[in-house]
file run.cif (mmCIF, C-alpha atoms and all ligand atoms)
data_query
#
loop_
_atom_site.label_atom_id
_atom_site.label_comp_id
_atom_site.auth_asym_id
_atom_site.auth_seq_id
_atom_site.Cartn_x
_atom_site.Cartn_y
_atom_site.Cartn_z
CA MET V 6 -10.80 1.64 -16.09
CA ARG V 7 -8.85 1.03 -12.89
CA ARG V 8 -6.61 -2.05 -12.77
CA TYR V 9 -6.50 -3.92 -9.50
CA LEU V 10 -3.25 -3.86 -7.60
CA ILE V 11 -2.50 -6.67 -5.18
CA ALA V 12 0.43 -5.60 -3.01
CA GLY V 13 2.20 -7.87 -0.53
CA ASN V 14 3.82 -6.08 2.43
CA TRP V 15 6.27 -8.59 3.91
CA LYS V 16 7.08 -6.29 6.85
CA MET V 17 10.09 -7.44 8.93
CA ASN V 18 10.04 -10.99 7.57
CA LYS V 19 12.22 -13.07 5.23
CA THR V 20 15.96 -13.40 4.98
CA ILE V 21 17.38 -13.00 1.47
CA GLN V 22 17.13 -16.74 0.85
CA LYS V 23 13.54 -17.00 2.06
CA ALA V 24 12.56 -13.88 0.13
CA CYS V 25 13.97 -15.35 -3.08
CA GLU V 26 12.19 -18.66 -2.48
CA LEU V 27 8.88 -16.83 -2.00
CA VAL V 28 9.24 -14.63 -5.05
CA ASN V 29 10.40 -17.52 -7.21
CA GLY V 30 7.25 -19.40 -6.20
CA LEU V 31 5.07 -16.38 -6.97
CA ALA V 32 6.80 -15.83 -10.31
CA THR V 33 6.10 -19.41 -11.39
CA GLU V 34 2.49 -19.39 -10.25
CA SER V 35 1.63 -15.96 -11.65
CA LYS V 36 3.35 -16.11 -15.00
CA ASN V 37 0.09 -16.28 -16.97
CA ILE V 38 -1.71 -13.65 -14.93
CA ASN V 39 -1.96 -10.35 -16.77
CA ASP V 40 -5.29 -8.93 -15.59
CA VAL V 41 -4.05 -7.54 -12.30
CA ASP V 42 -0.96 -5.66 -11.12
CA ILE V 43 1.09 -7.59 -8.57
CA ALA V 44 3.74 -6.05 -6.30
CA VAL V 45 5.84 -7.32 -3.42
CA PHE V 46 7.45 -5.27 -0.64
CA PRO V 47 10.33 -7.26 0.86
CA PRO V 48 12.59 -5.90 3.62
CA PHE V 49 15.33 -3.55 2.35
CA THR V 50 18.04 -6.16 2.77
CA ALA V 51 16.39 -8.49 0.26
CA LEU V 52 15.30 -5.93 -2.34
CA TYR V 53 18.14 -6.26 -4.79
CA GLU V 54 18.20 -10.06 -4.85
CA VAL V 55 14.42 -10.09 -5.26
CA TYR V 56 14.69 -7.52 -8.04
CA LYS V 57 17.01 -9.84 -9.99
CA ILE V 58 14.11 -12.31 -10.06
CA THR V 59 11.16 -9.93 -10.52
CA LYS V 60 12.73 -7.97 -13.38
CA GLU V 61 11.99 -10.90 -15.71
CA THR V 62 8.41 -11.27 -14.48
CA ASN V 63 5.09 -9.44 -14.20
CA ILE V 64 5.71 -8.82 -10.48
CA ASP V 65 6.66 -5.28 -9.49
CA LEU V 66 8.84 -4.37 -6.56
CA GLY V 67 8.31 -1.86 -3.78
CA ALA V 68 9.96 -0.68 -0.58
CA GLN V 69 8.22 -0.46 2.80
CA ASN V 70 9.50 3.00 3.71
CA LEU V 71 11.77 5.86 2.62
CA TRP V 72 13.34 8.98 4.06
CA TYR V 73 12.33 12.50 3.04
CA GLU V 74 15.78 13.62 1.95
CA THR V 75 17.93 12.09 -0.77
CA LYS V 76 21.30 12.07 1.02
CA GLY V 77 23.23 13.24 4.02
CA ALA V 78 23.68 12.62 7.71
CA TYR V 79 20.61 10.47 8.40
CA THR V 80 22.11 7.37 10.00
CA GLY V 81 20.06 4.27 9.33
CA GLU V 82 17.72 5.85 6.79
CA ILE V 83 17.04 4.95 3.17
CA SER V 84 17.04 7.49 0.36
CA PRO V 85 14.39 7.27 -2.36
CA GLU V 86 17.29 7.23 -4.81
CA PHE V 87 18.53 3.96 -3.28
CA ILE V 88 15.05 2.53 -3.63
CA VAL V 89 14.94 3.45 -7.30
CA ASP V 90 18.48 2.11 -7.69
CA VAL V 91 17.44 -1.39 -6.57
CA GLY V 92 14.60 -1.49 -9.07
CA CYS V 93 11.55 -0.44 -7.05
CA LYS V 94 8.46 1.04 -8.63
CA TYR V 95 6.41 1.58 -5.46
CA VAL V 96 6.97 2.65 -1.87
CA ILE V 97 4.60 2.37 1.10
CA VAL V 98 4.18 5.63 3.02
CA GLY V 99 2.42 6.24 6.31
CA HIS V 100 1.74 2.63 7.22
CA SER V 101 0.02 2.47 10.61
CA GLU V 102 2.97 0.55 12.07
CA ARG V 103 5.28 3.45 11.10
CA ARG V 104 2.81 5.89 12.65
CA LYS V 105 2.53 3.78 15.83
CA TYR V 106 6.07 2.54 16.51
CA PHE V 107 8.07 5.37 14.91
CA GLN V 108 5.73 8.27 15.70
CA GLU V 109 5.41 9.25 12.06
CA LYS V 110 3.11 12.22 11.74
CA ASP V 111 1.17 13.54 8.78
CA GLU V 112 3.68 16.28 8.05
CA LEU V 113 6.50 13.74 7.67
CA ILE V 114 4.25 11.51 5.59
CA ASN V 115 3.51 14.46 3.35
CA ARG V 116 7.22 15.16 2.79
CA LYS V 117 7.95 11.50 2.08
CA THR V 118 5.07 11.29 -0.38
CA LYS V 119 6.25 14.39 -2.24
CA LEU V 120 9.82 13.19 -2.55
CA ALA V 121 8.71 9.73 -3.66
CA ILE V 122 6.73 11.31 -6.52
CA GLU V 123 9.63 13.59 -7.41
CA LYS V 124 11.86 10.51 -7.72
CA ASN V 125 9.30 8.73 -9.91
CA LEU V 126 8.24 6.21 -7.30
CA ILE V 127 4.54 5.50 -6.84
CA PRO V 128 3.71 6.02 -3.17
CA ILE V 129 1.02 3.86 -1.61
CA VAL V 130 -0.23 6.18 1.11
CA CYS V 131 -2.08 4.49 3.99
CA VAL V 132 -4.96 6.06 5.90
CA GLY V 133 -7.32 4.56 8.46
CA GLU V 134 -8.93 4.88 11.85
CA THR V 135 -8.38 3.14 15.18
CA LEU V 136 -11.10 1.04 16.82
CA GLU V 137 -11.67 3.78 19.36
CA GLN V 138 -12.11 6.40 16.64
CA ARG V 139 -14.58 4.14 14.81
CA GLU V 140 -16.55 3.49 17.98
CA ASN V 141 -16.67 7.23 18.65
CA GLY V 142 -18.10 7.82 15.17
CA GLU V 143 -14.93 9.62 14.04
CA THR V 144 -14.00 7.48 11.04
CA ARG V 145 -14.89 10.09 8.41
CA LYS V 146 -13.30 12.92 10.35
CA VAL V 147 -10.02 10.98 10.71
CA ILE V 148 -9.91 9.99 7.05
CA GLU V 149 -10.73 13.49 5.89
CA TYR V 150 -8.02 14.93 8.11
CA LYS V 151 -5.39 12.55 6.74
CA ILE V 152 -6.40 13.21 3.12
CA ASN V 153 -6.33 16.97 3.74
CA GLU V 154 -2.86 16.69 5.28
CA LEU V 155 -1.61 15.37 1.93
CA GLU V 156 -1.50 18.91 0.63
CA ASN V 157 0.25 19.99 -2.57
CA ILE V 158 0.43 16.41 -3.72
CA ASP V 159 -0.50 15.25 -7.21
CA PHE V 160 -3.18 12.66 -6.50
CA SER V 161 -2.91 11.32 -10.05
CA LYS V 162 0.52 9.97 -9.07
CA ILE V 163 -0.33 8.12 -5.88
CA VAL V 164 -2.20 5.03 -4.73
CA LEU V 165 -4.24 5.26 -1.53
CA ALA V 166 -4.76 2.39 0.89
CA TYR V 167 -7.63 2.40 3.35
CA GLU V 168 -6.39 0.37 6.29
CA PRO V 169 -8.62 0.40 9.37
CA LEU V 170 -6.14 -0.16 12.20
CA TRP V 171 -8.46 -2.55 14.01
CA ALA V 172 -8.29 -4.90 11.01
CA ILE V 173 -4.51 -5.02 10.54
CA GLY V 174 -2.97 -8.29 11.63
CA THR V 175 -5.97 -9.03 13.84
CA GLY V 176 -7.87 -11.46 11.63
CA LYS V 177 -10.83 -9.02 11.79
CA THR V 178 -11.69 -7.85 8.30
CA ALA V 179 -13.97 -4.92 7.64
CA THR V 180 -17.23 -6.14 6.17
CA PRO V 181 -17.46 -5.33 2.46
CA GLU V 182 -20.13 -2.72 3.28
CA VAL V 183 -17.98 -1.00 5.92
CA ALA V 184 -14.94 -1.02 3.63
CA GLU V 185 -16.93 0.22 0.62
CA GLU V 186 -18.43 3.05 2.64
CA ALA V 187 -14.94 4.28 3.58
CA HIS V 188 -13.60 3.83 0.04
CA LYS V 189 -16.51 5.74 -1.47
CA PHE V 190 -16.05 8.47 1.11
CA ILE V 191 -12.37 8.74 0.15
CA ARG V 192 -13.14 8.81 -3.58
CA ASP V 193 -15.77 11.51 -3.06
CA LEU V 194 -13.27 13.57 -1.07
CA VAL V 195 -10.71 13.23 -3.86
CA GLN V 196 -13.37 14.24 -6.37
CA THR V 197 -14.27 17.36 -4.40
CA LYS V 198 -10.64 18.37 -4.05
CA TYR V 199 -9.10 17.29 -7.36
CA GLY V 200 -11.95 16.68 -9.80
CA SER V 201 -13.67 13.68 -11.31
CA GLU V 202 -10.89 12.53 -13.61
CA VAL V 203 -8.40 12.15 -10.77
CA ALA V 204 -11.06 10.59 -8.54
CA SER V 205 -12.16 8.03 -11.10
CA ASN V 206 -8.58 7.00 -11.89
CA ILE V 207 -7.05 6.84 -8.40
CA ARG V 208 -6.64 3.34 -7.02
CA ILE V 209 -7.83 2.85 -3.46
CA LEU V 210 -6.63 -0.43 -1.97
CA TYR V 211 -8.19 -2.10 1.04
CA GLY V 212 -5.87 -3.47 3.73
CA GLY V 213 -6.68 -5.40 6.88
CA SER V 214 -6.65 -9.18 7.18
CA VAL V 215 -7.33 -9.84 3.49
CA LYS V 216 -7.27 -13.60 2.87
CA PRO V 217 -8.09 -15.88 -0.07
CA ASP V 218 -11.55 -16.54 1.39
CA ASN V 219 -12.61 -12.90 1.77
CA VAL V 220 -10.89 -11.26 -1.17
CA LYS V 221 -13.67 -11.82 -3.72
CA ILE V 222 -16.40 -10.17 -1.74
CA LEU V 223 -14.16 -7.19 -0.92
CA MET V 224 -12.97 -6.73 -4.52
CA ASN V 225 -16.57 -6.90 -5.70
CA GLN V 226 -17.19 -3.48 -4.17
CA PRO V 227 -17.19 -0.68 -6.75
CA ASP V 228 -14.64 1.54 -4.99
CA ILE V 229 -12.15 -1.12 -3.89
CA ASP V 230 -9.34 -1.42 -6.43
CA GLY V 231 -7.06 -4.00 -4.91
CA ALA V 232 -5.52 -5.02 -1.62
CA LEU V 233 -2.55 -4.25 0.57
CA VAL V 234 -1.85 -7.60 2.18
CA GLY V 235 0.34 -8.28 5.21
CA GLY V 236 0.30 -11.75 6.80
CA ALA V 237 -1.26 -13.59 3.87
CA SER V 238 1.42 -12.32 1.47
CA LEU V 239 4.14 -14.36 3.20
CA ASP V 240 3.16 -17.65 1.64
CA VAL V 241 2.91 -18.53 -2.07
CA ASN V 242 -0.42 -20.33 -1.78
CA SER V 243 -2.24 -17.71 0.23
CA PHE V 244 -0.91 -14.75 -1.79
CA MET V 245 -1.74 -16.55 -5.04
CA GLY V 246 -5.19 -17.32 -3.62
CA ILE V 247 -5.72 -13.58 -3.13
CA ILE V 248 -4.39 -12.69 -6.59
CA LYS V 249 -6.53 -15.33 -8.30
CA GLY V 250 -9.56 -14.48 -6.14
CA SER V 251 -9.33 -10.85 -7.22
CA ILE V 252 -9.58 -11.65 -10.90
CA SER V 253 -12.26 -14.33 -10.86
CA LEU V 254 -15.09 -12.20 -9.57
C1 LIG V 301 -0.84 -4.41 6.48
O1 LIG V 301 0.08 -4.51 7.26
O2 LIG V 301 -0.86 -3.49 5.65
C2 LIG V 301 -1.90 -5.40 6.56
C3 LIG V 301 -3.02 -5.14 5.94
O3 LIG V 301 -1.65 -6.52 7.31
P1 LIG V 301 -2.60 -7.82 7.45
O4 LIG V 301 -3.02 -8.21 6.04
O5 LIG V 301 -1.75 -8.86 8.08
O6 LIG V 301 -3.78 -7.42 8.25
#
call {"tool": "encode", "arguments": {"input": "run.cif", "output": "structure tokens", "more": "lines below"}}
Ligand code: PEP
result
Amino acid sequence: MRRYLIAGNWKMNKTIQKACELVNGLATESKNINDVDIAVFPPFTALYEVYKITKETNIDLGAQNLWYETKGAYTGEISPEFIVDVGCKYVIVGHSERRKYFQEKDELINRKTKLAIEKNLIPIVCVGETLEQRENGETRKVIEYKINELENIDFSKIVLAYEPLWAIGTGKTATPEVAEEAHKFIRDLVQTKYGSEVASNIRILYGGSVKPDNVKILMNQPDIDGALVGGASLDVNSFMGIIKGSISL
């Protein structure tokens, strides 16, 4: 039985003080919630202070990115060992904003995913198509390519996130049917490549303008196992609305 994971990607938002205020609010409001996994992904600068709060709670911590080596002359980069050191359990890999603004390619994403697993982090690997690719009928081809590029990776140790790029930060959510079709396609691909046990256990999150008022209908789909939330994770009420909406189906 797959447990939902509701993950809040704060992106480049929140000073240390604001991050602590947000996570304190979430900790208070979620203290009796045990039916769903909750994780927050603050900016690197706030991770340790947030960890001091989350370590006493049912909220897990994650980082938004990592580098593919553990140490050395990589000015400005963050080793997976540092991420573990500040108490993270998860790390986001291959987010579309990293692909778009930092030209991250599948080969780099593969290396990052491998090292994250080696360091006992759970990578949340993002895949999804652009609007143009969807309109050209290439959604399946793009997804399949990105899943195939994750070669030599233990799929029992990762979380996948289907994030159609046209739905991220745009207010346009995929309809539950469109999202489910992509999720089922991904699960079937995983089944073909890695067998039914891995496929039935892997969590596939949906990401793209998830809000309290659309979360229920999305989470009601059989192959959607949680959400990767951007904008709506920056406020206690809206993130709690999503968490609560996902468990009261
Ligand atoms: C994201 O950045 O992963 C995301 C899904 O953002 P938003 O919820 O704001 O669309």
call {"tool": "residues_around", "arguments": {"input": "run.cif", "residues": "Leu31 in chain V", "least_positions_apart": "3", "cutoff": "8 Å", "atoms": "all atoms listed in the file", "output": "list of chain:residue names"}}
result
V:Leu27, V:Val28, V:Glu34, V:Ser35, V:Val241, V:Met245
call {"tool": "write_last_selection", "arguments": {"input": "run.cif", "atoms": "C-alpha atoms", "output": "CSV table (one decimal), in the coordinates of the input"}}
result
chain,number,residue,atom,x,y,z
V,27,LEU,CA,8.9,-16.8,-2.0
V,28,VAL,CA,9.2,-14.6,-5.0
V,34,GLU,CA,2.5,-19.4,-10.2
V,35,SER,CA,1.6,-16.0,-11.6
V,241,VAL,CA,2.9,-18.5,-2.1
V,245,MET,CA,-1.7,-16.6,-5.0
call {"tool": "closest_residue", "arguments": {"input": "run.cif", "among": "V:Glu109, V:Glu202, V:Asp240, V:Glu102", "to": "ligand LIG 301 (chain V)", "atoms": "only C-alpha atoms and all ligand atoms"}}
result
V:Glu102
call {"tool": "axis_aligned_box", "arguments": {"input": "run.cif", "around": "range 146-165 of chain V", "padding_each_side": "5 Å", "output": "JSON"}}
result
{"center_x": -6.4, "center_y": 12.5, "center_z": 0.3, "size_x": 23.8, "size_y": 25.0, "size_z": 30.8}
call {"tool": "residues_around", "arguments": {"input": "run.cif", "residues": "Gly250 in chain V", "least_positions_apart": "3", "cutoff": "9 Å", "atoms": "all atoms listed in the file", "output": "JSON list (two decimals) with C-alpha atoms, in the coordinates of the input"}}
result
[["chain", "number", "residue", "atom", "x", "y", "z"],
["V", 217, "PRO", "CA", -8.09, -15.88, -0.07],
["V", 218, "ASP", "CA", -11.55, -16.54, 1.39],
["V", 219, "ASN", "CA", -12.61, -12.90, 1.77],
["V", 220, "VAL", "CA", -10.89, -11.26, -1.17],
["V", 221, "LYS", "CA", -13.67, -11.82, -3.72],
["V", 224, "MET", "CA", -12.97, -6.73, -4.52],
["V", 245, "MET", "CA", -1.74, -16.55, -5.04],
["V", 246, "GLY", "CA", -5.19, -17.32, -3.62],
["V", 247, "ILE", "CA", -5.72, -13.58, -3.13],
["V", 253, "SER", "CA", -12.26, -14.33, -10.86],
["V", 254, "LEU", "CA", -15.09, -12.20, -9.57]]
call {"tool": "residues_near_ligand", "arguments": {"input": "run.cif", "ligand": "ligand LIG 301 (chain V)", "cutoff": "8 Å", "atoms": "all atoms listed in the file", "output": "NGL selection string"}}
result
:V and (14 or 16 or 100-102 or 168 or 172-176 or 178 or 211-216 or 232-238)
call {"tool": "atom_distance", "arguments": {"input": "run.cif", "atom1": "CA of Ile191 in chain V", "atom2": "CA of Tyr95 in chain V"}}
result
20.9 Å
call {"tool": "closest_residue", "arguments": {"input": "run.cif", "among": "V:Gln108, V:Asn115, V:Ser205, V:Asn125", "to": "Ile88 in chain V", "atoms": "all atoms listed in the file"}}
result
V:Asn125
call {"tool": "residues_around", "arguments": {"input": "run.cif", "residues": "range 56-60 of chain V", "least_positions_apart": "6", "cutoff": "8 Å", "atoms": "all atoms listed in the file", "output": "MDAnalysis selection string"}}
result
chainID V and resid 25 28:29 32 66 91:93
call {"tool": "residues_around", "arguments": {"input": "run.cif", "residues": "Glu185 in chain V", "least_positions_apart": "5", "cutoff": "7 Å", "atoms": "all atoms listed in the file", "output": "number ranges by chain"}}
result
V: 226, 228-229
